[in-house]
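Here is the structure we will look at.
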There are 2 protein chains.
Amino acid sequence: MDLFVERGFEQTTVTEIARRAGLTQRTFFRHFADKREVLFGGGAALQEFMVSIVASAPESAAPIDAVAAALEAAAEGLHERREYSRQRMAVIAANPELQERELIKLARLAGAIADALRKRGVPDPAASLAAEAGTTVFRIGIDRWHAETPQRDLLDVIRDSLDELKAVAAGK
Amino acid sequence: MDLFVERGFEQTTVTEIARRAGLTQRTFFRHFADKREVLFGGGAALQEFMVSIVASAPESAAPIDAVAAALEAAAEGLHERREYSRQRMAVIAANPELQERELIKLARLAGAIADALRKRGVPDPAASLAAEAGTTVFRIGIDRWHAETPQRDLLDVIRDSLDELKAVAAGK
């Protein structure tokens, strides 16, 4: 990741990434299909994890609360990886193709969360709206977490962002 | 547009589009850079229009109400073009590359609306959240409008979707 920051994503080769990480190219390709996977390989696992939290929320939980539980659980996992997360977003921000891939990843995440809500019996459009709003809160919360000094817990920032969404939707 | 529906987007040539529309290829290319522009050429004008509505909302309007005014104004313009809009979304839904372009278009729209809110003095993250939530309501509202029978006014569907968002955010 630091190589992408130093040299730019386009300019960095898999050979350089593997050498910096102390891996052979063969080992690199056993874990990552290409260098994009270094940035996006965790997306599927994160999505699966968040979907499982939505699915296991108490039956009585409102849709937005089931989504909030998933955001909070993901925030706890990401919190320890702030520097990685910040560098990752800086690399993505510098490359339009990666920005598109990030948009697609987030759209898929929202779609998967909406499906998990539908399985809980939440009708549309509430399922889609809660999932999309939650994904927006997550993305905007992470951006704030990277930008803010002094640094706060990601969990606090995500909770604040969700409260802000509720205030905005209520016309405040 | 009906050509894309009949033959598929990838298979349709500019020659065929121009012939069906009774245009020379030269005239086609005076209006559209390529066949993707037939689907996305209106995006910049729509964005500019919606931004101008946000900018001209009453000073006292809450951020979500300034965004709602833009959604409603855009809905009035789109209402007359339901069949075009439905065909356009069907073509996009059948083609992953066009889906990505649509995601990018909507992300740009949300970014432009957030900028317009910041110019009204709305701080972040409220500006981003109101803009993203509004764009989501717009997209989901248009999908419902295409899917529903009997057909309703787009304006009603968008207003309903916004009310649903408010209810979802309030934990209902």
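Ordering of the structure tokens sets the chain letters (A, B, ...), residue numbers begin anew at 1 in every chain, and ligands are numbered from 1 in the order given.
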
For this session: May I ask you to extract the residues of chain B within 10 Å of chain A, using only C-alpha atoms, and to give them as number ranges by chain?
Result: B: 61-66, 99-101, 103-104, 107, 124-130, 132-134, 136-137, 140-141, 143-144, 160-172

List the neighbours of Val91 in chain A out to 9 Å using only C-alpha atoms; skip same-chain residues closer than 6 positions along the sequence, and give me the result as an mmCIF file with all heavy atoms, in the first residue's frame.
```cif
data_model
loop_
_atom_site.group_PDB
_atom_site.id
_atom_site.type_symbol
_atom_site.label_atom_id
_atom_site.label_comp_id
_atom_site.auth_asym_id
_atom_site.auth_seq_id
_atom_site.Cartn_x
_atom_site.Cartn_y
_atom_site.Cartn_z
ATOM 1 N N MET A 1 0.828 -1.211 0.000
ATOM 2 C CA MET A 1 0.000 0.000 0.000
ATOM 3 C C MET A 1 0.861 1.259 0.000
ATOM 4 O O MET A 1 0.603 2.192 -0.745
ATOM 5 C CB MET A 1 -0.904 -0.014 1.242
ATOM 6 C CG MET A 1 -1.806 1.174 1.350
ATOM 7 S SD MET A 1 -3.004 1.220 0.021
ATOM 8 C CE MET A 1 -3.947 -0.256 0.416
ATOM 9 N N PHE A 4 2.011 2.173 -3.410
ATOM 10 C CA PHE A 4 1.018 2.902 -4.209
ATOM 11 C C PHE A 4 1.062 4.385 -3.867
ATOM 12 O O PHE A 4 0.924 5.243 -4.749
ATOM 13 C CB PHE A 4 -0.405 2.384 -3.935
ATOM 14 C CG PHE A 4 -0.686 0.991 -4.424
ATOM 15 C CD1 PHE A 4 -1.692 0.235 -3.841
ATOM 16 C CD2 PHE A 4 0.019 0.437 -5.481
ATOM 17 C CE1 PHE A 4 -1.983 -1.047 -4.296
ATOM 18 C CE2 PHE A 4 -0.260 -0.852 -5.947
ATOM 19 C CZ PHE A 4 -1.263 -1.590 -5.337
ATOM 20 N N VAL A 5 1.213 4.680 -2.575
ATOM 21 C CA VAL A 5 1.231 6.076 -2.142
ATOM 22 C C VAL A 5 2.492 6.766 -2.676
ATOM 23 O O VAL A 5 2.426 7.873 -3.199
ATOM 24 C CB VAL A 5 1.168 6.168 -0.592
ATOM 25 C CG1 VAL A 5 1.311 7.609 -0.131
ATOM 26 C CG2 VAL A 5 -0.136 5.567 -0.076
ATOM 27 N N GLY A 8 2.451 5.947 -6.965
ATOM 28 C CA GLY A 8 1.207 6.024 -7.741
ATOM 29 C C GLY A 8 0.766 4.621 -8.107
ATOM 30 O O GLY A 8 1.594 3.747 -8.365
ATOM 31 N N PHE A 9 -0.557 4.426 -8.150
ATOM 32 C CA PHE A 9 -1.086 3.084 -8.386
ATOM 33 C C PHE A 9 -0.694 2.562 -9.772
ATOM 34 O O PHE A 9 -0.254 1.418 -9.918
ATOM 35 C CB PHE A 9 -2.615 3.104 -8.249
ATOM 36 C CG PHE A 9 -3.248 1.778 -8.523
ATOM 37 C CD1 PHE A 9 -3.205 0.768 -7.576
ATOM 38 C CD2 PHE A 9 -3.855 1.524 -9.742
ATOM 39 C CE1 PHE A 9 -3.773 -0.468 -7.836
ATOM 40 C CE2 PHE A 9 -4.426 0.293 -10.003
ATOM 41 C CZ PHE A 9 -4.381 -0.705 -9.061
ATOM 42 N N LEU A 39 -6.314 -3.678 -3.064
ATOM 43 C CA LEU A 39 -7.211 -2.635 -2.561
ATOM 44 C C LEU A 39 -8.634 -3.132 -2.305
ATOM 45 O O LEU A 39 -9.322 -2.620 -1.425
ATOM 46 C CB LEU A 39 -7.276 -1.473 -3.559
ATOM 47 C CG LEU A 39 -5.958 -0.743 -3.838
ATOM 48 C CD1 LEU A 39 -6.131 0.207 -5.012
ATOM 49 C CD2 LEU A 39 -5.514 0.024 -2.606
ATOM 50 N N LEU A 98 -10.071 3.463 -10.167
ATOM 51 C CA LEU A 98 -10.271 2.873 -8.837
ATOM 52 C C LEU A 98 -11.481 3.488 -8.143
ATOM 53 O O LEU A 98 -12.202 2.814 -7.405
ATOM 54 C CB LEU A 98 -9.017 3.055 -7.975
ATOM 55 C CG LEU A 98 -7.740 2.379 -8.498
ATOM 56 C CD1 LEU A 98 -6.561 2.678 -7.578
ATOM 57 C CD2 LEU A 98 -7.918 0.879 -8.649
#
```

Exercise. Counting only C-alpha atoms, what is within 9 Å of range 73-87 of chain A, bar same-chain residues fewer than 5 positions away, as a VMD selection string?
Worked result: chain A and resid 1 to 2 4 to 5 46 49 to 50 53 68 92 138 142 to 143 145 to 147 153 to 155 158

Problem set entry | Those in range 20-134 of chain B with helix (DSSP H, G or I) from DSSP, as a PyMOL selection string | chain B and resi 20+25-31+36-40+43-55+63-79+82-93+96-119+126-134

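CA of Val51 in chain A is found 26.2 Å from CA of Asp34 in chain A.
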
For this session: For Val54 in chain B, list every protein, DNA or RNA residue within 7 Å, evaluated using only C-alpha atoms, and leave out those in the same chain fewer than 5 positions away; present the list as an NGL selection string.
Result: :B and (66-67 or 69-70 or 116)

Dump N, CA and C atoms for the selected residues as a short mmCIF file (atom, residue, chain, number, x, y, z; two decimals), in the first residue's frame?
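Final output, saved to selection.cif:
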```
data_model
loop_
_atom_site.label_atom_id
_atom_site.label_comp_id
_atom_site.auth_asym_id
_atom_site.auth_seq_id
_atom_site.Cartn_x
_atom_site.Cartn_y
_atom_site.Cartn_z
N ALA B 66 -34.46 21.81 0.43
CA ALA B 66 -33.85 22.37 -0.79
C ALA B 66 -33.60 21.25 -1.79
N VAL B 67 -33.15 20.09 -1.30
CA VAL B 67 -32.91 18.94 -2.18
C VAL B 67 -34.24 18.42 -2.72
N ALA B 69 -36.90 20.07 -3.31
CA ALA B 69 -37.39 20.98 -4.37
C ALA B 69 -36.74 20.62 -5.71
N ALA B 70 -35.45 20.26 -5.68
CA ALA B 70 -34.75 19.88 -6.91
C ALA B 70 -35.28 18.56 -7.46
N ALA B 116 -23.66 22.60 -3.89
CA ALA B 116 -24.67 23.66 -3.89
C ALA B 116 -25.17 23.92 -2.47
#
```

For this session: Write out as an MDAnalysis selection string which residues come within 8 Å of Thr135 in chain A when counting only C-alpha atoms, dropping same-chain ones fewer than 3 positions away.
Result: chainID A and resid 106 109:110 131:132 138:139

Writing out the chosen residues with N, CA and C atoms as an mmCIF file, in the first residue's frame:
```
data_model
loop_
_atom_site.group_PDB
_atom_site.id
_atom_site.type_symbol
_atom_site.label_atom_id
_atom_site.label_comp_id
_atom_site.auth_asym_id
_atom_site.auth_seq_id
_atom_site.Cartn_x
_atom_site.Cartn_y
_atom_site.Cartn_z
ATOM 1 N N LEU A 106 -19.398 -0.319 -3.326
ATOM 2 C CA LEU A 106 -20.369 0.211 -2.365
ATOM 3 C C LEU A 106 -21.804 -0.038 -2.838
ATOM 4 N N LEU A 109 -22.500 -3.556 -1.963
ATOM 5 C CA LEU A 109 -22.711 -3.668 -0.515
ATOM 6 C C LEU A 109 -24.136 -3.240 -0.163
ATOM 7 N N ALA A 110 -24.576 -2.110 -0.716
ATOM 8 C CA ALA A 110 -25.936 -1.624 -0.447
ATOM 9 C C ALA A 110 -26.972 -2.637 -0.942
ATOM 10 N N ALA A 131 -30.762 0.527 3.358
ATOM 11 C CA ALA A 131 -29.452 -0.013 2.966
ATOM 12 C C ALA A 131 -28.582 1.068 2.321
ATOM 13 N N GLU A 132 -29.189 1.841 1.423
ATOM 14 C CA GLU A 132 -28.428 2.895 0.732
ATOM 15 C C GLU A 132 -28.015 3.990 1.706
ATOM 16 N N PHE A 138 -21.750 5.095 6.182
ATOM 17 C CA PHE A 138 -20.490 4.373 6.351
ATOM 18 C C PHE A 138 -19.367 5.058 5.565
ATOM 19 N N ARG A 139 -19.639 5.373 4.294
ATOM 20 C CA ARG A 139 -18.621 5.991 3.432
ATOM 21 C C ARG A 139 -18.242 7.382 3.941
#
```

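The gap separating CA of Gln11 in chain A from CA of Arg30 in chain A is 22.0 Å, in Å to one decimal.
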
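Put simply, CA of Ile17 in chain B is 22.4 Å away from CA of Ala45 in chain B.
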